[in-house]
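Colleague: This is the content of run_16.tsv (TSV, C-alpha atoms):
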```tsv
chain	number	residue	atom	x	y	z
A	1	MET	CA	0.00	0.00	0.00
A	2	LYS	CA	2.87	2.33	0.93
A	3	LYS	CA	4.44	1.80	-2.49
A	4	ILE	CA	1.16	2.51	-4.23
A	5	ILE	CA	0.79	5.79	-2.31
A	6	ILE	CA	4.34	6.79	-3.32
A	7	TYR	CA	3.46	5.87	-6.91
A	8	MET	CA	0.33	8.03	-6.76
A	9	LEU	CA	2.34	10.95	-5.35
A	10	LEU	CA	4.81	10.61	-8.22
A	11	LEU	CA	1.89	10.70	-10.64
A	12	LEU	CA	0.70	13.87	-8.93
A	13	LEU	CA	4.15	15.42	-9.27
A	14	THR	CA	4.06	14.87	-13.03
A	15	VAL	CA	0.76	16.72	-13.03
A	16	LEU	CA	2.43	19.64	-11.28
A	17	ARG	CA	5.12	19.75	-13.95
A	18	VAL	CA	3.01	19.17	-17.03
A	19	ASN	CA	0.49	21.79	-18.05
A	20	ALA	CA	-2.83	20.26	-17.25
A	21	TYR	CA	-5.71	20.79	-19.60
A	22	GLY	CA	-8.49	19.02	-21.43
A	23	HIS	CA	-10.07	19.34	-24.84
A	24	LYS	CA	-12.25	22.15	-23.54
A	25	ILE	CA	-12.99	24.93	-26.02
A	26	ILE	CA	-13.09	28.50	-24.86
A	27	VAL	CA	-15.11	30.83	-27.04
A	28	PHE	CA	-15.13	34.58	-26.59
A	29	ALA	CA	-16.89	37.16	-28.73
A	30	TYR	CA	-17.28	40.91	-28.74
A	31	LYS	CA	-19.01	43.44	-30.89
A	32	VAL	CA	-17.39	46.49	-32.45
A	33	SER	CA	-20.05	48.61	-34.17
A	34	ASP	CA	-21.76	46.13	-36.57
A	35	LYS	CA	-18.98	43.57	-36.57
A	36	VAL	CA	-18.89	40.56	-34.25
A	37	PHE	CA	-15.43	39.20	-33.50
A	38	VAL	CA	-15.12	35.59	-32.32
A	39	GLU	CA	-11.96	34.11	-30.83
A	40	CYS	CA	-11.66	30.48	-29.85
A	41	THR	CA	-8.93	28.54	-28.16
A	42	PHE	CA	-8.46	25.17	-26.50
A	43	ALA	CA	-7.99	25.23	-22.74
A	44	ASP	CA	-4.19	25.04	-23.19
A	45	GLY	CA	-4.20	28.29	-25.16
A	46	LYS	CA	-3.79	26.70	-28.60
A	47	VAL	CA	-6.05	28.35	-31.15
A	48	CYS	CA	-8.84	26.38	-32.86
A	49	LYS	CA	-7.66	26.68	-36.46
A	50	ARG	CA	-10.20	26.29	-39.26
A	51	SER	CA	-13.02	25.28	-36.93
A	52	PRO	CA	-16.68	25.70	-37.86
A	53	VAL	CA	-18.42	28.65	-36.19
A	54	THR	CA	-22.18	29.10	-36.19
A	55	VAL	CA	-23.98	32.24	-35.05
A	56	TYR	CA	-27.55	31.86	-33.81
A	57	GLU	CA	-30.10	34.35	-32.57
A	58	ASP	CA	-30.36	33.14	-28.98
A	59	LYS	CA	-34.07	33.86	-28.43
A	60	THR	CA	-35.44	32.17	-31.53
A	61	GLY	CA	-32.58	29.77	-32.24
A	62	THR	CA	-32.46	30.98	-35.87
A	63	LYS	CA	-29.16	30.32	-37.61
A	64	LEU	CA	-27.76	33.64	-38.80
A	65	PHE	CA	-24.30	32.85	-40.12
A	66	ASP	CA	-21.81	30.06	-40.29
A	67	GLY	CA	-18.18	30.18	-41.17
A	68	ILE	CA	-14.73	28.86	-40.37
A	69	THR	CA	-12.08	30.36	-38.10
A	70	ASP	CA	-8.80	31.50	-39.61
A	71	ASP	CA	-5.32	30.22	-38.65
A	72	GLY	CA	-5.39	32.52	-35.61
A	73	GLY	CA	-8.63	30.94	-34.36
A	74	GLN	CA	-10.54	34.12	-35.18
A	75	TYR	CA	-13.73	34.73	-37.07
A	76	SER	CA	-15.57	37.96	-37.75
A	77	VAL	CA	-18.90	38.71	-39.32
A	78	THR	CA	-21.01	41.81	-39.86
A	79	ILE	CA	-24.32	41.54	-38.03
A	80	ILE	CA	-26.83	44.38	-37.95
A	81	ASN	CA	-29.03	42.38	-35.57
A	82	THR	CA	-28.89	43.73	-32.01
A	83	GLU	CA	-30.54	40.72	-30.35
A	84	GLN	CA	-28.69	38.40	-28.00
A	85	LEU	CA	-26.50	36.02	-30.01
A	86	ARG	CA	-25.35	32.46	-29.33
A	87	ILE	CA	-22.04	31.59	-30.93
A	88	VAL	CA	-21.20	27.90	-31.23
A	89	VAL	CA	-17.80	26.49	-32.18
A	90	ASP	CA	-17.84	22.76	-32.94
A	91	VAL	CA	-14.49	21.13	-33.66
A	92	GLY	CA	-15.98	17.65	-33.98
A	93	GLU	CA	-15.24	14.57	-31.86
A	94	GLY	CA	-17.98	15.82	-29.57
A	95	HIS	CA	-15.98	18.88	-28.49
A	96	ARG	CA	-17.77	22.17	-28.73
A	97	GLY	CA	-17.87	25.54	-27.02
A	98	GLU	CA	-20.50	28.22	-26.75
A	99	PHE	CA	-20.62	31.92	-25.99
A	100	ILE	CA	-23.61	34.13	-25.37
A	101	LEU	CA	-23.10	37.65	-26.68
A	102	GLU	CA	-25.58	39.78	-24.85
A	103	ALA	CA	-27.49	42.44	-26.73
A	104	LEU	CA	-26.02	45.85	-26.06
A	105	GLN	CA	-28.35	48.37	-24.50
A	106	GLU	CA	-28.38	50.93	-27.27
A	107	SER	CA	-30.00	53.72	-25.30
A	108	TYR	CA	-31.89	54.36	-22.11
A	109	GLU	CA	-34.77	56.66	-21.29
A	110	GLY	CA	-34.01	60.34	-21.27
A	111	HIS	CA	-30.46	59.68	-22.38
A	112	GLU	CA	-31.23	59.95	-26.08
A	113	GLU	CA	-32.76	63.42	-25.80
A	114	HIS	CA	-29.89	64.68	-23.72
A	115	GLU	CA	-27.40	63.17	-26.18
A	116	GLN	CA	-29.19	64.77	-29.12
A	117	ALA	CA	-29.16	68.22	-27.46
A	118	GLU	CA	-25.47	67.89	-26.72
A	119	LEU	CA	-24.78	66.79	-30.28
A	120	ASN	CA	-26.69	69.76	-31.67
A	121	GLU	CA	-24.61	72.09	-29.53
A	122	ILE	CA	-21.36	70.59	-30.81
A	123	THR	CA	-22.46	70.63	-34.45
A	124	GLN	CA	-23.50	74.25	-34.19
A	125	ALA	CA	-20.14	75.19	-32.74
A	126	LEU	CA	-18.07	73.12	-35.18
A	127	CYS	CA	-20.30	73.49	-38.24
A	128	ILE	CA	-20.28	69.73	-38.92
A	129	SER	CA	-23.26	67.44	-39.14
A	130	GLY	CA	-24.55	65.30	-36.24
A	131	PRO	CA	-23.94	61.92	-37.93
A	132	ASP	CA	-20.34	62.94	-38.69
A	133	VAL	CA	-19.63	63.63	-35.03
A	134	GLU	CA	-21.30	60.35	-34.09
A	135	ASN	CA	-19.13	58.44	-36.55
A	136	ILE	CA	-15.94	60.08	-35.31
A	137	VAL	CA	-16.80	59.31	-31.68
A	138	ASN	CA	-17.76	55.73	-32.59
A	139	ASP	CA	-14.49	55.14	-34.42
A	140	ILE	CA	-12.41	56.44	-31.52
A	141	MET	CA	-14.41	54.40	-29.01
A	142	ASP	CA	-14.08	51.24	-31.11
A	143	LYS	CA	-10.33	51.62	-31.30
A	144	LYS	CA	-10.05	52.26	-27.54
A	145	LEU	CA	-12.39	49.42	-26.67
A	146	ALA	CA	-10.56	46.91	-28.87
A	147	THR	CA	-7.70	46.70	-26.36
A	148	VAL	CA	-10.16	46.41	-23.46
A	149	ASN	CA	-11.95	43.61	-25.31
A	150	MET	CA	-8.66	41.80	-25.83
A	151	ALA	CA	-7.86	42.15	-22.13
A	152	VAL	CA	-11.28	40.77	-21.19
A	153	ALA	CA	-10.72	37.86	-23.60
A	154	LYS	CA	-7.40	37.06	-21.93
A	155	MET	CA	-8.95	37.24	-18.46
A	156	GLN	CA	-11.78	34.99	-19.58
A	157	HIS	CA	-9.22	32.51	-20.91
A	158	TYR	CA	-7.21	32.58	-17.68
A	159	SER	CA	-10.27	31.98	-15.55
A	160	SER	CA	-11.25	29.00	-17.72
A	161	THR	CA	-7.92	27.16	-17.72
A	162	THR	CA	-7.33	24.21	-15.45
A	163	ARG	CA	-5.31	25.03	-12.38
A	164	VAL	CA	-3.29	22.64	-10.22
A	165	SER	CA	-5.19	23.82	-7.14
A	166	ASP	CA	-8.43	22.69	-8.81
A	167	ILE	CA	-6.94	19.27	-9.56
A	168	ILE	CA	-5.81	18.78	-5.97
A	169	GLY	CA	-9.20	20.02	-4.80
A	170	GLY	CA	-10.85	17.51	-7.14
A	171	ILE	CA	-8.83	14.63	-5.69
A	172	GLY	CA	-9.98	15.79	-2.27
A	173	TYR	CA	-13.59	15.66	-3.44
A	174	VAL	CA	-13.07	12.12	-4.80
A	175	PHE	CA	-11.85	10.89	-1.41
A	176	GLY	CA	-14.59	12.84	0.33
A	177	ILE	CA	-17.34	11.27	-1.79
A	178	PHE	CA	-15.97	7.77	-1.23
A	179	GLY	CA	-15.67	8.58	2.46
A	180	ILE	CA	-19.40	9.35	2.51
A	181	ILE	CA	-20.14	6.09	0.62
A	182	MET	CA	-18.07	4.17	3.18
A	183	TYR	CA	-19.82	5.91	6.08
A	184	PHE	CA	-23.28	4.93	4.85
A	185	LYS	CA	-22.17	1.40	4.01
A	186	SER	CA	-20.64	0.90	7.47
A	187	LYS	CA	-23.86	2.22	9.09
A	188	LYS	CA	-25.86	-0.34	7.13
A	189	HIS	CA	-23.64	-3.18	8.34
A	190	ALA	CA	-23.55	-1.96	11.96
A	191	PRO	CA	-25.47	-4.18	14.42
B	1	MET	CA	-13.25	11.54	-24.93
B	2	HIS	CA	-15.76	13.76	-23.21
B	3	ILE	CA	-18.83	14.55	-25.30
B	4	SER	CA	-19.94	18.14	-24.69
B	5	GLU	CA	-23.47	19.36	-24.12
B	6	GLY	CA	-25.70	19.94	-27.12
B	7	VAL	CA	-24.04	17.41	-29.44
B	8	LEU	CA	-26.12	14.30	-28.79
B	9	SER	CA	-29.82	13.74	-29.40
B	10	VAL	CA	-32.26	13.33	-26.51
B	11	PRO	CA	-32.94	9.57	-27.02
B	12	VAL	CA	-29.17	8.85	-26.89
B	13	LEU	CA	-28.77	11.01	-23.76
B	14	VAL	CA	-31.71	9.34	-22.00
B	15	SER	CA	-30.66	5.78	-22.90
B	16	GLY	CA	-27.09	6.51	-21.80
B	17	ALA	CA	-28.30	7.97	-18.50
B	18	ILE	CA	-30.60	4.99	-17.76
B	19	LEU	CA	-27.95	2.38	-18.55
B	20	SER	CA	-25.29	4.24	-16.56
B	21	ALA	CA	-27.65	4.70	-13.59
B	22	GLY	CA	-28.22	0.92	-13.57
B	23	GLY	CA	-24.47	0.32	-13.69
B	24	VAL	CA	-23.78	2.85	-10.91
B	25	PHE	CA	-26.43	1.34	-8.58
B	26	TYR	CA	-25.29	-2.23	-9.21
B	27	GLY	CA	-21.67	-1.17	-8.75
B	28	LEU	CA	-22.49	0.54	-5.44
B	29	LYS	CA	-24.36	-2.57	-4.32
B	30	LYS	CA	-21.30	-4.69	-5.05
B	31	MET	CA	-18.97	-2.27	-3.26
B	32	ASP	CA	-18.16	-3.46	0.25
B	33	ASN	CA	-16.19	-1.51	2.83
B	34	GLU	CA	-12.85	-3.11	1.93
B	35	ASN	CA	-13.21	-2.07	-1.68
B	36	VAL	CA	-14.08	1.58	-1.04
B	37	PRO	CA	-10.48	2.87	-0.55
B	38	LYS	CA	-9.38	0.93	-3.64
B	39	ALA	CA	-12.19	2.50	-5.68
B	40	ALA	CA	-11.36	5.97	-4.28
B	41	LEU	CA	-7.68	5.63	-5.19
B	42	LEU	CA	-8.42	4.51	-8.74
B	43	THR	CA	-11.10	7.17	-9.18
B	44	ALA	CA	-8.53	9.81	-8.23
B	45	ALA	CA	-6.08	8.34	-10.76
B	46	PHE	CA	-8.77	8.34	-13.47
B	47	PHE	CA	-9.74	11.91	-12.55
B	48	VAL	CA	-6.14	13.13	-12.88
B	49	ALA	CA	-5.23	11.04	-15.96
B	50	ALA	CA	-7.70	12.89	-18.19
B	51	LEU	CA	-6.04	16.20	-17.26
B	52	VAL	CA	-2.48	15.26	-18.18
B	53	HIS	CA	-1.91	15.64	-21.89
B	54	VAL	CA	1.14	14.19	-23.56
B	55	PRO	CA	2.07	15.66	-26.97
B	56	LEU	CA	1.96	12.96	-29.67
B	57	GLY	CA	2.47	13.96	-33.29
B	58	PRO	CA	0.40	16.96	-34.34
B	59	SER	CA	-2.11	16.43	-31.54
B	60	SER	CA	-1.93	15.52	-27.86
B	61	VAL	CA	-3.32	12.54	-26.02
B	62	HIS	CA	-4.34	11.80	-22.48
B	63	LEU	CA	-4.58	8.53	-20.63
B	64	THR	CA	-7.95	7.13	-19.68
B	65	LEU	CA	-6.97	4.16	-17.49
B	66	ASN	CA	-10.44	2.64	-17.84
B	67	GLY	CA	-8.91	-0.78	-18.63
B	68	ILE	CA	-7.06	-0.82	-15.28
B	69	LEU	CA	-10.13	0.49	-13.48
B	70	GLY	CA	-12.26	-2.28	-14.99
B	71	LEU	CA	-9.77	-5.03	-14.15
B	72	VAL	CA	-9.36	-3.94	-10.53
B	73	LEU	CA	-12.90	-2.81	-9.77
B	74	GLY	CA	-15.24	-4.97	-11.89
B	75	TRP	CA	-18.77	-3.57	-11.67
B	76	MET	CA	-17.53	-0.84	-9.31
B	77	VAL	CA	-15.99	0.84	-12.37
B	78	PHE	CA	-19.37	2.50	-12.98
B	79	PRO	CA	-19.64	4.51	-9.71
B	80	SER	CA	-15.91	5.22	-9.94
B	81	VAL	CA	-16.08	6.69	-13.48
B	82	PHE	CA	-19.31	8.51	-12.65
B	83	VAL	CA	-17.77	10.32	-9.65
B	84	ALA	CA	-14.67	11.31	-11.65
B	85	LEU	CA	-16.68	12.56	-14.63
B	86	PHE	CA	-19.08	14.43	-12.36
B	87	LEU	CA	-16.17	16.29	-10.76
B	88	GLN	CA	-14.50	16.95	-14.10
B	89	ALA	CA	-17.75	18.47	-15.38
B	90	LEU	CA	-18.20	20.48	-12.18
B	91	LEU	CA	-14.64	21.78	-11.80
B	92	PHE	CA	-13.33	21.96	-15.36
B	93	GLN	CA	-16.49	21.94	-17.51
B	94	PHE	CA	-15.22	18.84	-19.34
B	95	GLY	CA	-18.17	17.09	-20.98
B	96	GLY	CA	-21.32	18.29	-19.27
B	97	PHE	CA	-24.05	17.30	-16.84
B	98	THR	CA	-26.55	16.24	-19.50
B	99	THR	CA	-23.97	14.02	-21.20
B	100	ILE	CA	-22.62	12.51	-17.98
B	101	GLY	CA	-24.71	9.34	-18.45
B	102	VAL	CA	-23.46	8.70	-21.97
B	103	ASN	CA	-19.88	9.61	-21.05
B	104	THR	CA	-20.00	7.23	-18.05
B	105	LEU	CA	-21.28	4.44	-20.30
B	106	ILE	CA	-18.59	5.14	-22.95
B	107	MET	CA	-15.76	4.91	-20.42
B	108	ALA	CA	-17.05	2.41	-17.85
B	109	SER	CA	-18.57	-0.35	-19.98
B	110	PRO	CA	-15.30	-1.13	-21.86
B	111	GLY	CA	-13.68	-1.50	-18.43
B	112	LEU	CA	-16.36	-3.98	-17.42
B	113	ILE	CA	-15.99	-5.95	-20.67
B	114	VAL	CA	-12.21	-6.08	-20.15
B	115	TYR	CA	-12.83	-7.34	-16.58
B	116	TYR	CA	-15.00	-10.23	-17.76
B	117	LEU	CA	-12.59	-11.11	-20.57
B	118	LEU	CA	-9.32	-10.98	-18.65
B	119	ARG	CA	-10.17	-11.60	-14.96
B	120	GLY	CA	-9.01	-15.20	-15.26
B	121	TYR	CA	-5.62	-14.28	-16.73
B	122	ILE	CA	-4.71	-11.39	-14.45
B	123	LYS	CA	-4.21	-13.73	-11.46
B	124	SER	CA	-1.68	-15.84	-13.35
B	125	LYS	CA	1.78	-16.25	-11.82
B	126	ASN	CA	3.38	-15.98	-15.25
B	127	PHE	CA	4.79	-12.47	-15.84
B	128	TYR	CA	4.17	-12.57	-19.59
B	129	VAL	CA	0.52	-13.55	-19.19
B	130	VAL	CA	-0.06	-10.65	-16.78
B	131	PHE	CA	1.83	-8.21	-18.99
B	132	THR	CA	-0.10	-9.27	-22.10
B	133	SER	CA	-3.39	-9.04	-20.18
B	134	GLY	CA	-2.52	-5.46	-19.21
B	135	LEU	CA	-1.59	-4.66	-22.79
B	136	ILE	CA	-4.87	-6.04	-24.12
B	137	ALA	CA	-6.83	-4.35	-21.31
B	138	GLY	CA	-5.47	-0.90	-22.21
B	139	PHE	CA	-5.76	-1.37	-25.96
B	140	LEU	CA	-9.22	-2.92	-25.92
B	141	SER	CA	-10.70	-0.43	-23.45
B	142	ILE	CA	-9.77	2.54	-25.68
B	143	LEU	CA	-10.88	0.70	-28.82
B	144	LEU	CA	-14.29	-0.05	-27.30
B	145	SER	CA	-14.63	3.46	-25.84
B	146	THR	CA	-13.86	4.98	-29.25
B	147	LEU	CA	-16.39	2.66	-30.91
B	148	LEU	CA	-19.08	3.62	-28.40
B	149	LEU	CA	-18.23	7.32	-28.79
B	150	SER	CA	-18.47	7.08	-32.58
B	151	LEU	CA	-21.68	5.09	-32.32
B	152	SER	CA	-23.38	7.61	-30.02
B	153	LEU	CA	-22.36	10.48	-32.34
B	154	ALA	CA	-23.53	8.59	-35.44
B	155	ILE	CA	-26.89	7.65	-33.89
B	156	SER	CA	-27.48	11.26	-32.81
B	157	ALA	CA	-26.77	12.72	-36.23
B	158	PRO	CA	-25.94	10.67	-39.35
B	159	GLU	CA	-23.73	13.50	-40.63
B	160	HIS	CA	-21.33	12.71	-37.78
B	161	LEU	CA	-20.47	9.41	-39.50
B	162	GLY	CA	-17.48	11.04	-41.22
B	163	ILE	CA	-16.16	12.28	-37.88
B	164	ALA	CA	-16.43	8.72	-36.50
B	165	LYS	CA	-13.73	7.57	-38.96
B	166	VAL	CA	-11.45	10.47	-37.95
B	167	ILE	CA	-11.98	9.63	-34.26
B	168	MET	CA	-11.06	5.99	-34.82
B	169	LEU	CA	-7.88	6.88	-36.73
B	170	SER	CA	-6.78	9.61	-34.32
B	171	HIS	CA	-7.19	7.24	-31.37
B	172	VAL	CA	-4.97	4.44	-32.77
B	173	PRO	CA	-1.80	5.89	-31.14
B	174	VAL	CA	-3.79	6.34	-27.90
B	175	MET	CA	-4.75	2.64	-27.94
B	176	PHE	CA	-1.10	1.57	-28.13
B	177	THR	CA	0.07	4.12	-25.54
B	178	GLU	CA	-2.70	3.14	-23.15
B	179	GLY	CA	-1.95	-0.57	-23.75
B	180	ILE	CA	1.75	-0.20	-22.91
B	181	ILE	CA	1.13	1.98	-19.85
B	182	SER	CA	-1.65	-0.32	-18.59
B	183	ALA	CA	0.67	-3.34	-19.02
B	184	PHE	CA	3.40	-1.70	-16.91
B	185	CYS	CA	0.92	-0.45	-14.29
B	186	ILE	CA	-0.73	-3.85	-13.92
B	187	THR	CA	2.55	-5.78	-13.63
B	188	PHE	CA	3.70	-3.19	-11.07
B	189	ILE	CA	0.52	-3.46	-8.98
B	190	LYS	CA	0.70	-7.25	-9.29
B	191	LYS	CA	4.25	-7.18	-7.89
B	192	VAL	CA	3.66	-4.84	-4.94
B	193	LYS	CA	0.01	-5.51	-4.09
B	194	PRO	CA	-1.28	-8.68	-5.80
B	195	GLU	CA	-4.33	-8.91	-3.50
B	196	ILE	CA	-5.73	-5.80	-5.22
B	197	PHE	CA	-7.05	-8.16	-7.92
B	198	GLU	CA	-8.86	-10.32	-5.37
B	199	ILE	CA	-12.29	-9.63	-6.90
B	200	CYS	CA	-11.04	-11.37	-10.05
B	201	GLN	CA	-11.67	-15.12	-10.35
B	202	ASP	CA	-8.89	-17.67	-9.88
B	203	SER	CA	-6.18	-17.93	-12.47
B	204	VAL	CA	-6.92	-19.93	-15.59
B	205	LEU	CA	-3.24	-20.10	-16.55
```
Could you spell out this file's structure in structure tokens?
Modeller:
Amino acid sequence: MKKIIIYMLLLLLTVLRVNAYGHKIIVFAYKVSDKVFVECTFADGKVCKRSPVTVYEDKTGTKLFDGITDDGGQYSVTIINTEQLRIVVDVGEGHRGEFILEALQESYEGHEEHEQAELNEITQALCISGPDVENIVNDIMDKKLATVNMAVAKMQHYSSTTRVSDIIGGIGYVFGIFGIIMYFKSKKHAP
Amino acid sequence: MHISEGVLSVPVLVSGAILSAGGVFYGLKKMDNENVPKAALLTAAFFVAALVHVPLGPSSVHLTLNGILGLVLGWMVFPSVFVALFLQALLFQFGGFTTIGVNTLIMASPGLIVYYLLRGYIKSKNFYVVFTSGLIAGFLSILLSTLLLSLSLAISAPEHLGIAKVIMLSHVPVMFTEGIISAFCITFIKKVKPEIFEICQDSVL
């Protein structure tokens, strides 16, 4: 028994040295103006090259687009739809990942009027049209938000990868569950 | 070899869940107090094995160990695999909760088949017989698991039939790796703790 325990500990040590991961697929998507960007990786960080991507409207389940990721595991599509989207990446062999891209709140009550008044003020001062200002602001915001989106994607990836602490915790759960089984079995056999 | 949520059809999911539930209950019934630590130890090994990927060619493979689990645990392989898969789904989102029945069936039933086929040979005193039994146990368990996986995908959607061929081919190296590792593990266990195979019937060789 002692030797088996040592053997198990050695097995555990290899786990600590080797990057632990499974065939889990991490999908992340974000919207920049009308374009939806999808990035997908395996749990070890490797990109899902040339994998099929399907975009559905989440509420109705209607298929909107399907395509294939590029060599960088990225896919982008122009979608005018503002509904909540469900993006599915299926690499076959039963491995697939999903991401729900929530519909962005375009405006809220009272905000639109205030925004319009502000826009009118600016256009009067600069002698340029309202839509022009809107486009300029949108472009700047998109560029600024692109880096934030990338950072969020990285954080999402980090939180989804398998950590050694989780593995050790899992082993603890295994022993705990079998401990409970043993407890109930011993109670049944007790006089 | 974890099937994710949303891939399989409802009839396949339900049948898998019912068959696995039967296996888990029967396995628990057969599990007496002396066997619980053994089952816990092997469940932990199975739980960890799926997380350690070894690069092999363009892809990477991970051990399953279901052949060893089957040989040592017999019917108890069902509760053992179920607990490990449940925790993998809970902690790492491998597979999923709706597919846990099918996944348990895919990984546990080959172990059980291997147990019934090889239980007479594993108690042999001959080193070569034990080693070959381990080799066959590892190879056969992956072969059967892959067949079941392909079958459940093909039944769910006929267009998955093409993928089934790819799965079979991509798992050939895994079958050999698993066979060799199982052979070494079983001869090692046999040397240091032969009584671990006590649920197996007496040697036929």
Colleague: I need the residue nearest Ile180 (chain A) from this list: B:Asn33, B:Ser141, B:Ser156, B:Thr146. Use only C-alpha atoms for the distance.
Modeller: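 Using only C-alpha atoms, the shortest distance to Ile180 (chain A) belongs to B:Asn33.
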Colleague: Tell me which protein, DNA and RNA residues are within 12 Å of Ile177 (chain A), counting all atoms listed in the file, leaving out same-chain ones fewer than 2 positions away, and put them as a list in words.
Modeller: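 My list of contacting residues is Gly170, Ile171, Gly172, Tyr173, Val174, Phe175, Gly179, Ile180, Ile181, Met182, Tyr183 and Phe184 of chain A; Val36, Pro37, Ala39, Ala40, Leu41, Thr43, Ala44, Pro79, Ser80, Phe82, Val83, Ala84, Phe86 and Leu87 of chain B.
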Colleague: Under the rule that only C-alpha atoms are counted, which of A:Ala29, A:Ile80, A:Leu126, A:Val91 is the nearest residue to Ile163 (chain B)?
Modeller: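 Going through A:Ala29, A:Ile80, A:Leu126, A:Val91 one by one, the smallest distance to Ile163 (chain B) is for A:Val91.
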Colleague: Please report, as JSON lines, each residue of chain B lying at most 9 Å from chain A, together with the nearest pair of atoms and the separation in Å rounded to one decimal; use all atoms listed in the file, and order rows by chain and ascending residue number.
Modeller:
```
{"residue": "B:Met1", "atom": "CA", "partner": "A:Glu93", "partner_atom": "CA", "distance": 7.8}
{"residue": "B:His2", "atom": "CA", "partner": "A:Gly94", "partner_atom": "CA", "distance": 7.0}
{"residue": "B:Ile3", "atom": "CA", "partner": "A:Gly94", "partner_atom": "CA", "distance": 4.5}
{"residue": "B:Ser4", "atom": "CA", "partner": "A:His95", "partner_atom": "CA", "distance": 5.5}
{"residue": "B:Glu5", "atom": "CA", "partner": "A:Arg96", "partner_atom": "CA", "distance": 7.9}
{"residue": "B:Gly6", "atom": "CA", "partner": "A:Arg96", "partner_atom": "CA", "distance": 8.4}
{"residue": "B:Val7", "atom": "CA", "partner": "A:Gly94", "partner_atom": "CA", "distance": 6.3}
{"residue": "B:Leu8", "atom": "CA", "partner": "A:Gly94", "partner_atom": "CA", "distance": 8.3}
{"residue": "B:Leu28", "atom": "CA", "partner": "A:Ile181", "partner_atom": "CA", "distance": 8.5}
{"residue": "B:Met31", "atom": "CA", "partner": "A:Lys185", "partner_atom": "CA", "distance": 8.7}
{"residue": "B:Asp32", "atom": "CA", "partner": "A:Lys185", "partner_atom": "CA", "distance": 7.3}
{"residue": "B:Asn33", "atom": "CA", "partner": "A:Met182", "partner_atom": "CA", "distance": 6.0}
{"residue": "B:Val36", "atom": "CA", "partner": "A:Met182", "partner_atom": "CA", "distance": 6.4}
{"residue": "B:Pro37", "atom": "CA", "partner": "A:Phe178", "partner_atom": "CA", "distance": 7.4}
{"residue": "B:Ala39", "atom": "CA", "partner": "A:Phe178", "partner_atom": "CA", "distance": 7.9}
{"residue": "B:Ala40", "atom": "CA", "partner": "A:Phe175", "partner_atom": "CA", "distance": 5.7}
{"residue": "B:Leu41", "atom": "CA", "partner": "A:Phe175", "partner_atom": "CA", "distance": 7.7}
{"residue": "B:Thr43", "atom": "CA", "partner": "A:Val174", "partner_atom": "CA", "distance": 6.9}
{"residue": "B:Ala44", "atom": "CA", "partner": "A:Ile171", "partner_atom": "CA", "distance": 5.5}
{"residue": "B:Ala45", "atom": "CA", "partner": "A:Met8", "partner_atom": "CA", "distance": 7.6}
{"residue": "B:Phe47", "atom": "CA", "partner": "A:Ile171", "partner_atom": "CA", "distance": 7.4}
{"residue": "B:Val48", "atom": "CA", "partner": "A:Ile167", "partner_atom": "CA", "distance": 7.0}
{"residue": "B:Ala49", "atom": "CA", "partner": "A:Val15", "partner_atom": "CA", "distance": 8.8}
{"residue": "B:Ala50", "atom": "CA", "partner": "A:Gly22", "partner_atom": "CA", "distance": 7.0}
{"residue": "B:Leu51", "atom": "CA", "partner": "A:Tyr21", "partner_atom": "CA", "distance": 5.2}
{"residue": "B:Val52", "atom": "CA", "partner": "A:Ala20", "partner_atom": "CA", "distance": 5.1}
{"residue": "B:His53", "atom": "CA", "partner": "A:Ala20", "partner_atom": "CA", "distance": 6.6}
{"residue": "B:Val54", "atom": "CA", "partner": "A:Val18", "partner_atom": "CA", "distance": 8.4}
{"residue": "B:His62", "atom": "CA", "partner": "A:Gly22", "partner_atom": "CA", "distance": 8.4}
{"residue": "B:Val83", "atom": "CA", "partner": "A:Val174", "partner_atom": "CA", "distance": 7.0}
{"residue": "B:Ala84", "atom": "CA", "partner": "A:Val174", "partner_atom": "CA", "distance": 7.1}
{"residue": "B:Leu87", "atom": "CA", "partner": "A:Gly170", "partner_atom": "CA", "distance": 6.5}
{"residue": "B:Gln88", "atom": "CA", "partner": "A:Gly170", "partner_atom": "CA", "distance": 7.9}
{"residue": "B:Leu91", "atom": "CA", "partner": "A:Asp166", "partner_atom": "CA", "distance": 7.0}
{"residue": "B:Phe92", "atom": "CA", "partner": "A:Thr162", "partner_atom": "CA", "distance": 6.4}
{"residue": "B:Gln93", "atom": "CA", "partner": "A:Lys24", "partner_atom": "CA", "distance": 7.4}
{"residue": "B:Phe94", "atom": "CA", "partner": "A:Lys24", "partner_atom": "CA", "distance": 6.1}
{"residue": "B:Gly95", "atom": "CA", "partner": "A:His95", "partner_atom": "CA", "distance": 8.0}
{"residue": "B:Leu149", "atom": "CA", "partner": "A:Glu93", "partner_atom": "CA", "distance": 8.4}
{"residue": "B:Ser150", "atom": "CA", "partner": "A:Glu93", "partner_atom": "CA", "distance": 8.2}
{"residue": "B:Leu153", "atom": "CA", "partner": "A:Gly94", "partner_atom": "CA", "distance": 7.4}
{"residue": "B:His160", "atom": "CA", "partner": "A:Gly92", "partner_atom": "CA", "distance": 8.2}
{"residue": "B:Ile163", "atom": "CA", "partner": "A:Glu93", "partner_atom": "CA", "distance": 6.5}
{"residue": "B:Ala164", "atom": "CA", "partner": "A:Glu93", "partner_atom": "CA", "distance": 7.6}
{"residue": "B:Val166", "atom": "CA", "partner": "A:Glu93", "partner_atom": "CA", "distance": 8.3}
{"residue": "B:Ile167", "atom": "CA", "partner": "A:Glu93", "partner_atom": "CA", "distance": 6.4}
{"residue": "B:Ile189", "atom": "CA", "partner": "A:Ile4", "partner_atom": "CA", "distance": 7.7}
{"residue": "B:Val192", "atom": "CA", "partner": "A:Lys3", "partner_atom": "CA", "distance": 7.1}
{"residue": "B:Lys193", "atom": "CA", "partner": "A:Met1", "partner_atom": "CA", "distance": 6.9}
```
